[in-house]
$ cat upload-v1.cif   # mmCIF, C-alpha atoms and all ligand atoms
data_structure
loop_
_atom_site.label_atom_id
_atom_site.label_comp_id
_atom_site.auth_asym_id
_atom_site.auth_seq_id
_atom_site.Cartn_x
_atom_site.Cartn_y
_atom_site.Cartn_z
CA MET A 19 25.60 35.34 -7.90
CA PRO A 20 22.03 34.00 -7.48
CA GLY A 21 21.94 35.35 -3.92
CA LEU A 22 23.16 38.77 -5.01
CA THR A 23 20.60 38.71 -7.84
CA ALA A 24 17.86 38.03 -5.30
CA TYR A 25 19.11 40.77 -2.96
CA VAL A 26 19.54 43.45 -5.67
CA GLY A 27 16.16 42.71 -7.24
CA LEU A 28 14.31 42.73 -3.96
CA THR A 29 15.97 45.66 -2.19
CA GLU A 30 17.12 48.00 -5.02
CA MET A 31 14.74 47.27 -7.89
CA ALA A 32 11.52 46.44 -6.03
CA LYS A 33 12.39 48.79 -3.14
CA PHE A 34 11.26 46.19 -0.59
CA LYS A 35 9.82 47.62 2.63
CA LYS A 36 9.20 45.87 5.95
CA GLY A 37 5.62 44.54 6.02
CA ASP A 38 5.37 44.04 2.24
CA VAL A 39 3.51 41.05 0.80
CA VAL A 40 5.92 39.49 -1.72
CA PHE A 41 5.22 37.03 -4.54
CA VAL A 42 8.12 35.27 -6.29
CA SER A 43 7.98 32.86 -9.22
CA GLY A 44 10.57 30.17 -9.86
CA ALA A 45 10.51 29.98 -6.09
CA ALA A 46 12.37 26.69 -5.64
CA GLY A 47 15.20 27.78 -7.92
CA ALA A 48 18.54 29.33 -7.03
CA VAL A 49 17.37 32.95 -7.25
CA GLY A 50 13.73 32.47 -6.25
CA SER A 51 14.40 30.48 -3.08
CA ALA A 52 16.85 33.19 -1.96
CA VAL A 53 14.29 35.93 -2.71
CA GLY A 54 11.68 34.33 -0.45
CA GLN A 55 14.07 33.69 2.41
CA ILE A 56 15.64 37.16 2.21
CA ALA A 57 12.19 38.79 2.11
CA LYS A 58 11.26 36.92 5.31
CA ALA A 59 14.58 37.89 6.94
CA LEU A 60 13.94 41.57 6.10
CA GLY A 61 10.43 41.50 7.59
CA ALA A 62 7.95 40.67 4.83
CA SER A 63 4.46 40.20 6.26
CA LYS A 64 3.81 37.37 3.80
CA VAL A 65 5.83 35.54 1.14
CA ILE A 66 4.15 33.53 -1.61
CA GLY A 67 6.03 31.30 -4.03
CA SER A 68 5.12 29.35 -7.16
CA ALA A 69 6.97 26.31 -8.45
CA GLY A 70 6.39 23.30 -10.66
CA SER A 71 6.13 20.21 -8.42
CA ALA A 72 4.74 19.00 -5.10
CA GLU A 73 8.28 18.33 -3.81
CA LYS A 74 9.32 21.89 -4.61
CA ILE A 75 6.23 23.30 -2.89
CA ALA A 76 7.01 21.24 0.23
CA ARG A 77 10.63 22.43 0.18
CA ILE A 78 9.87 26.13 -0.08
CA LYS A 79 7.38 25.83 2.78
CA GLU A 80 10.20 24.26 4.83
CA LEU A 81 12.31 27.28 3.89
CA GLY A 82 9.72 29.57 5.49
CA PHE A 83 7.43 30.63 2.62
CA ASP A 84 3.96 31.38 4.04
CA GLU A 85 2.08 30.22 0.94
CA ALA A 86 3.09 28.23 -2.12
CA PHE A 87 1.31 26.82 -5.14
CA ASN A 88 2.11 24.52 -8.05
CA TYR A 89 1.56 26.63 -11.16
CA LYS A 90 1.05 23.46 -13.24
CA GLU A 91 -2.08 22.53 -11.30
CA GLY A 92 -4.29 25.49 -12.10
CA ASP A 93 -4.68 29.00 -13.38
CA VAL A 94 -1.87 31.19 -11.99
CA SER A 95 -4.14 34.22 -11.37
CA GLU A 96 -6.65 32.10 -9.45
CA SER A 97 -3.95 30.37 -7.41
CA LEU A 98 -2.34 33.70 -6.57
CA ALA A 99 -5.69 35.24 -5.58
CA LYS A 100 -6.26 32.30 -3.23
CA ALA A 101 -2.79 32.60 -1.69
CA ALA A 102 -2.93 36.40 -1.39
CA PRO A 103 -6.61 37.40 -1.13
CA ASP A 104 -5.65 40.95 -0.06
CA GLY A 105 -3.21 41.43 -2.93
CA ILE A 106 0.56 41.85 -3.12
CA ASP A 107 3.02 44.75 -2.84
CA VAL A 108 6.01 43.24 -4.65
CA TYR A 109 6.40 40.73 -7.46
CA TYR A 110 9.83 39.22 -8.17
CA ASP A 111 9.57 37.90 -11.74
CA ASN A 112 11.72 34.97 -12.84
CA VAL A 113 9.15 33.55 -15.26
CA GLY A 114 7.24 36.22 -17.24
CA GLY A 115 4.09 35.32 -19.25
CA ASP A 116 1.15 34.06 -17.22
CA HIS A 117 2.95 34.77 -13.91
CA LEU A 118 3.60 38.41 -14.79
CA GLU A 119 -0.01 38.84 -15.90
CA ALA A 120 -1.29 37.31 -12.64
CA ALA A 121 0.99 39.54 -10.59
CA ILE A 122 -0.06 42.72 -12.42
CA GLY A 123 -3.65 41.79 -11.55
CA ALA A 124 -2.83 41.18 -7.87
CA LEU A 125 -0.53 44.15 -7.23
CA HIS A 126 -1.73 47.02 -5.05
CA LYS A 127 -1.55 50.60 -6.21
CA TYR A 128 2.11 51.67 -6.41
CA GLY A 129 3.10 47.98 -6.52
CA ARG A 130 6.66 47.17 -7.55
CA VAL A 131 8.05 44.48 -9.86
CA ALA A 132 11.67 43.31 -10.08
CA MET A 133 11.99 41.98 -13.64
CA CYS A 134 14.75 39.41 -13.27
CA GLY A 135 13.95 36.76 -15.88
CA ALA A 136 11.29 35.30 -18.16
CA ILE A 137 12.14 31.60 -18.29
CA SER A 138 8.71 30.63 -19.64
CA GLN A 139 9.74 32.36 -22.89
CA TYR A 140 13.34 31.20 -23.33
CA ASN A 141 12.39 28.28 -25.59
CA ALA A 142 9.57 30.04 -27.42
CA THR A 143 9.74 29.62 -31.19
CA GLU A 144 7.56 32.71 -31.73
CA PRO A 145 7.75 36.00 -29.79
CA ALA A 146 5.35 35.64 -26.86
CA PRO A 147 2.54 38.18 -26.47
CA GLY A 148 2.89 40.50 -23.49
CA PRO A 149 0.65 40.34 -20.41
CA ARG A 150 -2.89 41.13 -21.58
CA ASN A 151 -3.54 43.43 -18.62
CA MET A 152 -0.50 45.71 -18.99
CA PHE A 153 -2.78 48.75 -19.01
CA LEU A 154 -3.46 48.15 -15.29
CA ALA A 155 0.09 49.40 -14.71
CA VAL A 156 -1.13 52.89 -15.60
CA GLY A 157 -4.06 53.11 -13.18
CA LYS A 158 -2.18 51.36 -10.39
CA GLU A 159 0.94 53.47 -11.03
CA LEU A 160 3.08 50.34 -10.95
CA ASN A 161 6.85 50.36 -11.15
CA LEU A 162 8.27 47.53 -13.32
CA ARG A 163 12.05 47.56 -13.20
CA GLY A 164 14.38 45.29 -15.17
CA PHE A 165 17.99 44.75 -14.15
CA ILE A 166 21.17 42.78 -14.81
CA VAL A 167 23.00 41.73 -11.66
CA GLY A 168 26.42 42.34 -13.24
CA ASN A 169 25.74 46.07 -13.14
CA HIS A 170 25.07 46.06 -9.39
CA TYR A 171 28.20 44.62 -7.82
CA ASP A 172 28.43 47.80 -5.71
CA LEU A 173 25.86 46.09 -3.45
CA GLU A 174 27.97 42.95 -3.03
CA PRO A 175 29.70 44.03 0.24
CA GLU A 176 26.32 44.86 1.82
CA PHE A 177 24.89 41.57 0.56
CA HIS A 178 27.86 39.55 1.87
CA LYS A 179 27.59 41.19 5.30
CA ASN A 180 23.95 40.11 5.58
CA ALA A 181 24.20 36.78 3.76
CA ILE A 182 27.12 35.48 5.84
CA LYS A 183 25.12 36.15 9.02
CA TRP A 184 21.98 34.55 7.56
CA LEU A 185 23.87 31.49 6.32
CA GLN A 186 25.54 31.05 9.71
CA ASP A 187 22.34 31.30 11.75
CA GLY A 188 20.29 29.17 9.31
CA THR A 189 18.04 32.01 8.11
CA LEU A 190 19.23 31.40 4.54
CA GLN A 191 19.67 27.97 3.00
CA ALA A 192 21.02 27.44 -0.50
CA ASP A 193 19.97 24.16 -2.12
CA GLU A 194 22.08 22.67 -4.90
CA THR A 195 21.43 20.04 -7.58
CA PHE A 196 24.46 18.31 -9.11
CA ARG A 197 25.26 16.78 -12.48
CA ASP A 198 28.69 15.10 -12.63
CA GLY A 199 31.17 15.64 -15.47
CA LEU A 200 31.62 18.35 -18.06
CA GLU A 201 30.18 16.01 -20.70
CA ASN A 202 26.85 16.30 -18.87
CA ALA A 203 26.78 20.12 -18.97
CA PRO A 204 24.42 20.33 -21.99
CA GLN A 205 21.98 17.90 -20.36
CA ALA A 206 22.26 19.84 -17.09
CA PHE A 207 21.20 22.98 -18.96
CA ILE A 208 18.28 21.16 -20.59
CA ASP A 209 17.29 19.77 -17.19
CA LEU A 210 17.42 23.27 -15.67
CA LEU A 211 14.99 24.55 -18.29
CA GLY A 212 12.80 21.51 -17.66
CA GLY A 213 12.69 22.11 -13.89
CA ALA A 214 14.80 19.15 -12.72
CA ASN A 215 16.77 21.31 -10.28
CA THR A 216 15.98 22.49 -6.79
CA GLY A 217 18.25 25.44 -5.98
CA LYS A 218 21.37 26.00 -8.05
CA MET A 219 22.07 23.56 -10.90
CA ILE A 220 25.80 22.80 -10.68
CA VAL A 221 28.01 20.77 -13.03
CA ARG A 222 30.59 19.07 -10.77
CA LEU A 223 34.03 18.42 -12.32
N1 LIG A 301 18.65 39.58 -14.23
C1 LIG A 301 19.75 38.95 -13.87
O1 LIG A 301 20.82 39.52 -13.70
C2 LIG A 301 19.67 37.46 -13.64
C3 LIG A 301 20.70 36.76 -12.99
C4 LIG A 301 20.53 35.37 -12.76
C5 LIG A 301 19.37 34.73 -13.18
N2 LIG A 301 18.42 35.45 -13.83
C6 LIG A 301 17.14 34.83 -14.23
O2 LIG A 301 16.50 34.45 -13.03
C7 LIG A 301 15.67 33.32 -13.25
C8 LIG A 301 16.04 32.21 -12.27
O3 LIG A 301 17.37 31.79 -12.53
P1 LIG A 301 18.00 30.59 -11.68
O4 LIG A 301 19.42 30.48 -12.09
O5 LIG A 301 17.65 30.79 -10.24
O6 LIG A 301 17.24 29.34 -12.28
P2 LIG A 301 16.39 28.27 -11.45
O7 LIG A 301 15.16 28.99 -10.96
O8 LIG A 301 17.28 27.61 -10.47
O9 LIG A 301 16.00 27.19 -12.56
C9 LIG A 301 15.07 27.43 -13.52
C10 LIG A 301 13.66 26.99 -13.05
O10 LIG A 301 12.69 27.65 -13.85
C11 LIG A 301 11.50 26.92 -13.77
N3 LIG A 301 10.78 26.95 -15.07
C12 LIG A 301 11.19 26.42 -16.26
N4 LIG A 301 10.25 26.65 -17.21
C13 LIG A 301 9.24 27.33 -16.60
C14 LIG A 301 7.97 27.85 -17.04
N5 LIG A 301 7.56 27.72 -18.33
N6 LIG A 301 7.19 28.49 -16.15
C15 LIG A 301 7.58 28.62 -14.87
N7 LIG A 301 8.76 28.16 -14.38
C16 LIG A 301 9.58 27.53 -15.24
C17 LIG A 301 11.88 25.48 -13.39
O11 LIG A 301 11.32 25.21 -12.11
P3 LIG A 301 9.81 24.63 -11.94
O12 LIG A 301 9.96 23.17 -11.65
O13 LIG A 301 9.30 25.42 -10.80
O14 LIG A 301 9.08 24.88 -13.24
C18 LIG A 301 13.40 25.52 -13.27
O15 LIG A 301 13.89 24.71 -12.23
C19 LIG A 301 15.88 32.93 -14.72
O16 LIG A 301 14.85 33.51 -15.47
C20 LIG A 301 17.23 33.56 -15.06
O17 LIG A 301 17.36 33.82 -16.43
C21 LIG A 301 18.54 36.79 -14.05
#
$ encode --input "upload-v1.cif" --output "structure tokens" --more "lines below"
Ligand SMILES: NC(=O)c1ccc[n+]([C@@H]2O[C@H](COP(=O)([O-])OP(=O)(O)OC[C@H]3O[C@@H](n4cnc5c(N)ncnc54)[C@H](OP(=O)(O)O)[C@@H]3O)[C@@H](O)[C@H]2O)c1
Amino acid sequence: MPGLTAYVGLTEMAKFKKGDVVFVSGAAGAVGSAVGQIAKALGASKVIGSAGSAEKIARIKELGFDEAFNYKEGDVSESLAKAAPDGIDVYYDNVGGDHLEAAIGALHKYGRVAMCGAISQYNATEPAPGPRNMFLAVGKELNLRGFIVGNHYDLEPEFHKNAIKWLQDGTLQADETFRDGLENAPQAFIDLLGGANTGKMIVRL
């Protein structure tokens, strides 16, 4: 499911094209790490990822990301501008908030956004304000497209055909983090929101 989510968002929603510069947030997670690797496999000219620890940054570089930054260590817009001084074509949004605002600022004209998730807002006790620079979407003629993977299972055969090949030849790696026992499922969920996982958080029975 996370792999298909990555594939649908990148290819169908963001209309990825060979040579695109792609930025993905939540880049060490289950969906985000697949997005970066799939973008490289499909011919992205540059892939940039953001994540929340030095270990995660090191891991996504191992996975083939060209640039990566720890969003906890500085302003997201500044870090993105440093990683992609010539701007970006595609933003794959897992986080929302400051990341979406930074991406809107960095996107080229006709840039495309796959709106997959907004994890920075899931625990908010008040509705979060939108990106302050939304108006740039008008002048840049951006395309921001939300989606739910469950409505795109028609792409599963195409995804499987590619993903099986990529998994076999090592192009695509899927990290997993385990918590043992059903009684630990609530803590696993809390840990996921707190960033304790690299790749898919799995409760092992
Ligand atoms: N649209 C769909 O159909 C669909 C399907 C599946 C998943 N999703 C969405 O896709 C996103 C990724 O899902 P996933 O299962 O792959 O989860 P994940 O990325 O494996 O795990 C969540 C990660 O989010 C990061 N995070 C938590 N709070 C954050 C914050 N305030 N700012 C930035 N990052 C934060 C943490 O990593 P750090 O250590 O890097 O902070 C954490 O490890 C989620 O938003 C999820 O809801 C959407």
$ residues_around --input "upload-v1.cif" --residues "Ala181 in chain A" --least-positions-apart "2" --cutoff "12 Å" --atoms "only C-alpha atoms" --output "PyMOL selection string"
chain A and resi 19-22+24-25+52-53+55-56+59-60+173-179+183-192
$ write_last_selection --input "upload-v1.cif" --atoms "C-alpha atoms" --output "PDB file, in the coordinates of the input"
ATOM      1  CA  MET A  19      25.600  35.340  -7.900  1.00  0.00           C
ATOM      2  CA  PRO A  20      22.030  34.000  -7.480  1.00  0.00           C
ATOM      3  CA  GLY A  21      21.940  35.350  -3.920  1.00  0.00           C
ATOM      4  CA  LEU A  22      23.160  38.770  -5.010  1.00  0.00           C
ATOM      5  CA  ALA A  24      17.860  38.030  -5.300  1.00  0.00           C
ATOM      6  CA  TYR A  25      19.110  40.770  -2.960  1.00  0.00           C
ATOM      7  CA  ALA A  52      16.850  33.190  -1.960  1.00  0.00           C
ATOM      8  CA  VAL A  53      14.290  35.930  -2.710  1.00  0.00           C
ATOM      9  CA  GLN A  55      14.070  33.690   2.410  1.00  0.00           C
ATOM     10  CA  ILE A  56      15.640  37.160   2.210  1.00  0.00           C
ATOM     11  CA  ALA A  59      14.580  37.890   6.940  1.00  0.00           C
ATOM     12  CA  LEU A  60      13.940  41.570   6.100  1.00  0.00           C
ATOM     13  CA  LEU A 173      25.860  46.090  -3.450  1.00  0.00           C
ATOM     14  CA  GLU A 174      27.970  42.950  -3.030  1.00  0.00           C
ATOM     15  CA  PRO A 175      29.700  44.030   0.240  1.00  0.00           C
ATOM     16  CA  GLU A 176      26.320  44.860   1.820  1.00  0.00           C
ATOM     17  CA  PHE A 177      24.890  41.570   0.560  1.00  0.00           C
ATOM     18  CA  HIS A 178      27.860  39.550   1.870  1.00  0.00           C
ATOM     19  CA  LYS A 179      27.590  41.190   5.300  1.00  0.00           C
ATOM     20  CA  LYS A 183      25.120  36.150   9.020  1.00  0.00           C
ATOM     21  CA  TRP A 184      21.980  34.550   7.560  1.00  0.00           C
ATOM     22  CA  LEU A 185      23.870  31.490   6.320  1.00  0.00           C
ATOM     23  CA  GLN A 186      25.540  31.050   9.710  1.00  0.00           C
ATOM     24  CA  ASP A 187      22.340  31.300  11.750  1.00  0.00           C
ATOM     25  CA  GLY A 188      20.290  29.170   9.310  1.00  0.00           C
ATOM     26  CA  THR A 189      18.040  32.010   8.110  1.00  0.00           C
ATOM     27  CA  LEU A 190      19.230  31.400   4.540  1.00  0.00           C
ATOM     28  CA  GLN A 191      19.670  27.970   3.000  1.00  0.00           C
ATOM     29  CA  ALA A 192      21.020  27.440  -0.500  1.00  0.00           C
TER      30      ALA A 192
END
$ closest_residue --input "upload-v1.cif" --among "A:Ala57, A:Val94, A:Leu81, A:Ala203" --to "ligand LIG 301 (chain A)" --atoms "all atoms listed in the file"
A:Val94
$ axis_aligned_box --input "upload-v1.cif" --around "range 205-210 of chain A" --padding-each-side "6 Å" --output "lines of an AutoDock Vina configuration file"
center_x = 19.8
center_y = 20.6
center_z = -18.1
size_x = 17.0
size_y = 17.4
size_z = 16.9
$ closest_residue --input "upload-v1.cif" --among "A:Ser97, A:Asn202, A:Asn141, A:Asn112" --to "ligand LIG 301 (chain A)" --atoms "all atoms listed in the file"
A:Asn112
$ closest_residue --input "upload-v1.cif" --among "A:Gly213, A:Gly61, A:Gly135, A:Pro149" --to "Asp116 in chain A" --atoms "only C-alpha atoms"
A:Pro149
$ closest_atom_pairs --input "upload-v1.cif" --of "chain A" --to "ligand LIG 301 (chain A)" --cutoff "6 Å" --atoms "only C-alpha atoms and all ligand atoms" --output "Markdown table"
| residue | atom | partner | partner_atom | distance |
| --- | --- | --- | --- | --- |
| A:Pro20 | CA | A:LIG301 | C4 | 5.7 |
| A:Thr23 | CA | A:LIG301 | C3 | 5.5 |
| A:Gly44 | CA | A:LIG301 | O7 | 4.9 |
| A:Gly47 | CA | A:LIG301 | O7 | 3.3 |
| A:Ala48 | CA | A:LIG301 | O5 | 3.6 |
| A:Val49 | CA | A:LIG301 | O5 | 3.7 |
| A:Gly50 | CA | A:LIG301 | O5 | 5.8 |
| A:Ala69 | CA | A:LIG301 | O13 | 3.4 |
| A:Gly70 | CA | A:LIG301 | O13 | 3.6 |
| A:Ser71 | CA | A:LIG301 | O12 | 5.8 |
| A:Asn112 | CA | A:LIG301 | C7 | 4.3 |
| A:Val113 | CA | A:LIG301 | C15 | 5.2 |
| A:Cys134 | CA | A:LIG301 | N1 | 4.0 |
| A:Gly135 | CA | A:LIG301 | O16 | 3.4 |
| A:Ala136 | CA | A:LIG301 | O16 | 4.8 |
| A:Ile137 | CA | A:LIG301 | O16 | 4.4 |
| A:Ser138 | CA | A:LIG301 | N5 | 3.4 |
| A:Phe165 | CA | A:LIG301 | N1 | 5.2 |
| A:Ile166 | CA | A:LIG301 | O1 | 3.5 |
| A:Val167 | CA | A:LIG301 | O1 | 3.7 |
| A:Leu210 | CA | A:LIG301 | O15 | 5.1 |
| A:Leu211 | CA | A:LIG301 | C12 | 4.7 |
| A:Gly212 | CA | A:LIG301 | C12 | 5.4 |
| A:Gly213 | CA | A:LIG301 | O15 | 3.3 |
| A:Ala214 | CA | A:LIG301 | O15 | 5.7 |
| A:Asn215 | CA | A:LIG301 | O15 | 4.9 |
| A:Gly217 | CA | A:LIG301 | O8 | 5.1 |
| A:Lys218 | CA | A:LIG301 | O8 | 5.0 |
$ atom_distance --input "upload-v1.cif" --atom1 "CA of Ala45 in chain A" --atom2 "CA of Asp198 in chain A"
24.4 Å
$ residues_around --input "upload-v1.cif" --residues "Val40 in chain A" --least-positions-apart "2" --cutoff "6 Å" --atoms "all atoms listed in the file" --output "compact mmCIF listing (two decimals) with C-alpha atoms, in the frame of the given file"
# COMPACT_ATOMS: atom_id res chain seq x y z
CA VAL A 65 5.83 35.54 1.14
CA VAL A 108 6.01 43.24 -4.65
CA TYR A 109 6.40 40.73 -7.46
$ atom_distance --input "upload-v1.cif" --atom1 "CA of Gly157 in chain A" --atom2 "CA of Lys127 in chain A"
7.8 Å
$ closest_residue --input "upload-v1.cif" --among "A:Gly54, A:Gly105, A:Pro145, A:Gly27" --to "Gly123 in chain A" --atoms "all atoms listed in the file"
A:Gly105
$ residues_around --input "upload-v1.cif" --residues "Arg197 in chain A" --least-positions-apart "5" --cutoff "8 Å" --atoms "all atoms listed in the file" --output "CSV table (one decimal) with C-alpha atoms, keeping the file's coordinate frame"
chain,number,residue,atom,x,y,z
A,202,ASN,CA,26.8,16.3,-18.9
A,203,ALA,CA,26.8,20.1,-19.0
A,206,ALA,CA,22.3,19.8,-17.1
A,219,MET,CA,22.1,23.6,-10.9
A,220,ILE,CA,25.8,22.8,-10.7
A,221,VAL,CA,28.0,20.8,-13.0
A,222,ARG,CA,30.6,19.1,-10.8
$ atom_distance --input "upload-v1.cif" --atom1 "CA of Glu85 in chain A" --atom2 "CA of Ile208 in chain A"
28.4 Å
$ closest_residue --input "upload-v1.cif" --among "A:Leu200, A:Glu194, A:Val39, A:Glu30" --to "Ala124 in chain A" --atoms "only C-alpha atoms"
A:Val39
$ closest_residue --input "upload-v1.cif" --among "A:Asp84, A:Ala132, A:Asp93, A:Ala146" --to "Phe34 in chain A" --atoms "all atoms listed in the file"
A:Ala132
$ build_atoms --input "upload-v1.cif" --residues "range 73-86 of chain A" --atoms "N, CA and C atoms" --output "PDB file, keeping the file's coordinate frame"
ATOM      1  N   GLU A  73       7.045  18.367  -4.622  1.00  0.00           N
ATOM      2  CA  GLU A  73       8.280  18.330  -3.810  1.00  0.00           C
ATOM      3  C   GLU A  73       8.821  19.743  -3.632  1.00  0.00           C
ATOM      4  N   LYS A  74       8.795  20.519  -4.698  1.00  0.00           N
ATOM      5  CA  LYS A  74       9.320  21.890  -4.610  1.00  0.00           C
ATOM      6  C   LYS A  74       8.442  22.753  -3.694  1.00  0.00           C
ATOM      7  N   ILE A  75       7.138  22.541  -3.764  1.00  0.00           N
ATOM      8  CA  ILE A  75       6.230  23.300  -2.890  1.00  0.00           C
ATOM      9  C   ILE A  75       6.527  22.953  -1.418  1.00  0.00           C
ATOM     10  N   ALA A  76       6.708  21.657  -1.145  1.00  0.00           N
ATOM     11  CA  ALA A  76       7.010  21.240   0.230  1.00  0.00           C
ATOM     12  C   ALA A  76       8.341  21.862   0.682  1.00  0.00           C
ATOM     13  N   ARG A  77       9.313  21.895  -0.186  1.00  0.00           N
ATOM     14  CA  ARG A  77      10.630  22.430   0.180  1.00  0.00           C
ATOM     15  C   ARG A  77      10.568  23.923   0.481  1.00  0.00           C
ATOM     16  N   ILE A  78       9.855  24.691  -0.343  1.00  0.00           N
ATOM     17  CA  ILE A  78       9.870  26.130  -0.080  1.00  0.00           C
ATOM     18  C   ILE A  78       9.041  26.471   1.180  1.00  0.00           C
ATOM     19  N   LYS A  79       8.086  25.617   1.507  1.00  0.00           N
ATOM     20  CA  LYS A  79       7.380  25.830   2.780  1.00  0.00           C
ATOM     21  C   LYS A  79       8.337  25.574   3.948  1.00  0.00           C
ATOM     22  N   GLU A  80       9.169  24.523   3.815  1.00  0.00           N
ATOM     23  CA  GLU A  80      10.200  24.260   4.830  1.00  0.00           C
ATOM     24  C   GLU A  80      11.140  25.455   4.986  1.00  0.00           C
ATOM     25  N   LEU A  81      11.395  26.135   3.873  1.00  0.00           N
ATOM     26  CA  LEU A  81      12.310  27.280   3.890  1.00  0.00           C
ATOM     27  C   LEU A  81      11.658  28.533   4.484  1.00  0.00           C
ATOM     28  N   GLY A  82      10.372  28.461   4.808  1.00  0.00           N
ATOM     29  CA  GLY A  82       9.720  29.570   5.490  1.00  0.00           C
ATOM     30  C   GLY A  82       8.725  30.367   4.659  1.00  0.00           C
ATOM     31  N   PHE A  83       8.468  29.956   3.414  1.00  0.00           N
ATOM     32  CA  PHE A  83       7.430  30.630   2.620  1.00  0.00           C
ATOM     33  C   PHE A  83       6.088  30.431   3.327  1.00  0.00           C
ATOM     34  N   ASP A  84       5.264  31.484   3.361  1.00  0.00           N
ATOM     35  CA  ASP A  84       3.960  31.380   4.040  1.00  0.00           C
ATOM     36  C   ASP A  84       2.947  30.627   3.180  1.00  0.00           C
ATOM     37  N   GLU A  85       3.012  30.865   1.873  1.00  0.00           N
ATOM     38  CA  GLU A  85       2.080  30.220   0.940  1.00  0.00           C
ATOM     39  C   GLU A  85       2.866  29.785  -0.288  1.00  0.00           C
ATOM     40  N   ALA A  86       2.428  28.680  -0.894  1.00  0.00           N
ATOM     41  CA  ALA A  86       3.090  28.230  -2.120  1.00  0.00           C
ATOM     42  C   ALA A  86       2.082  27.465  -2.954  1.00  0.00           C
TER      43      ALA A  86
END
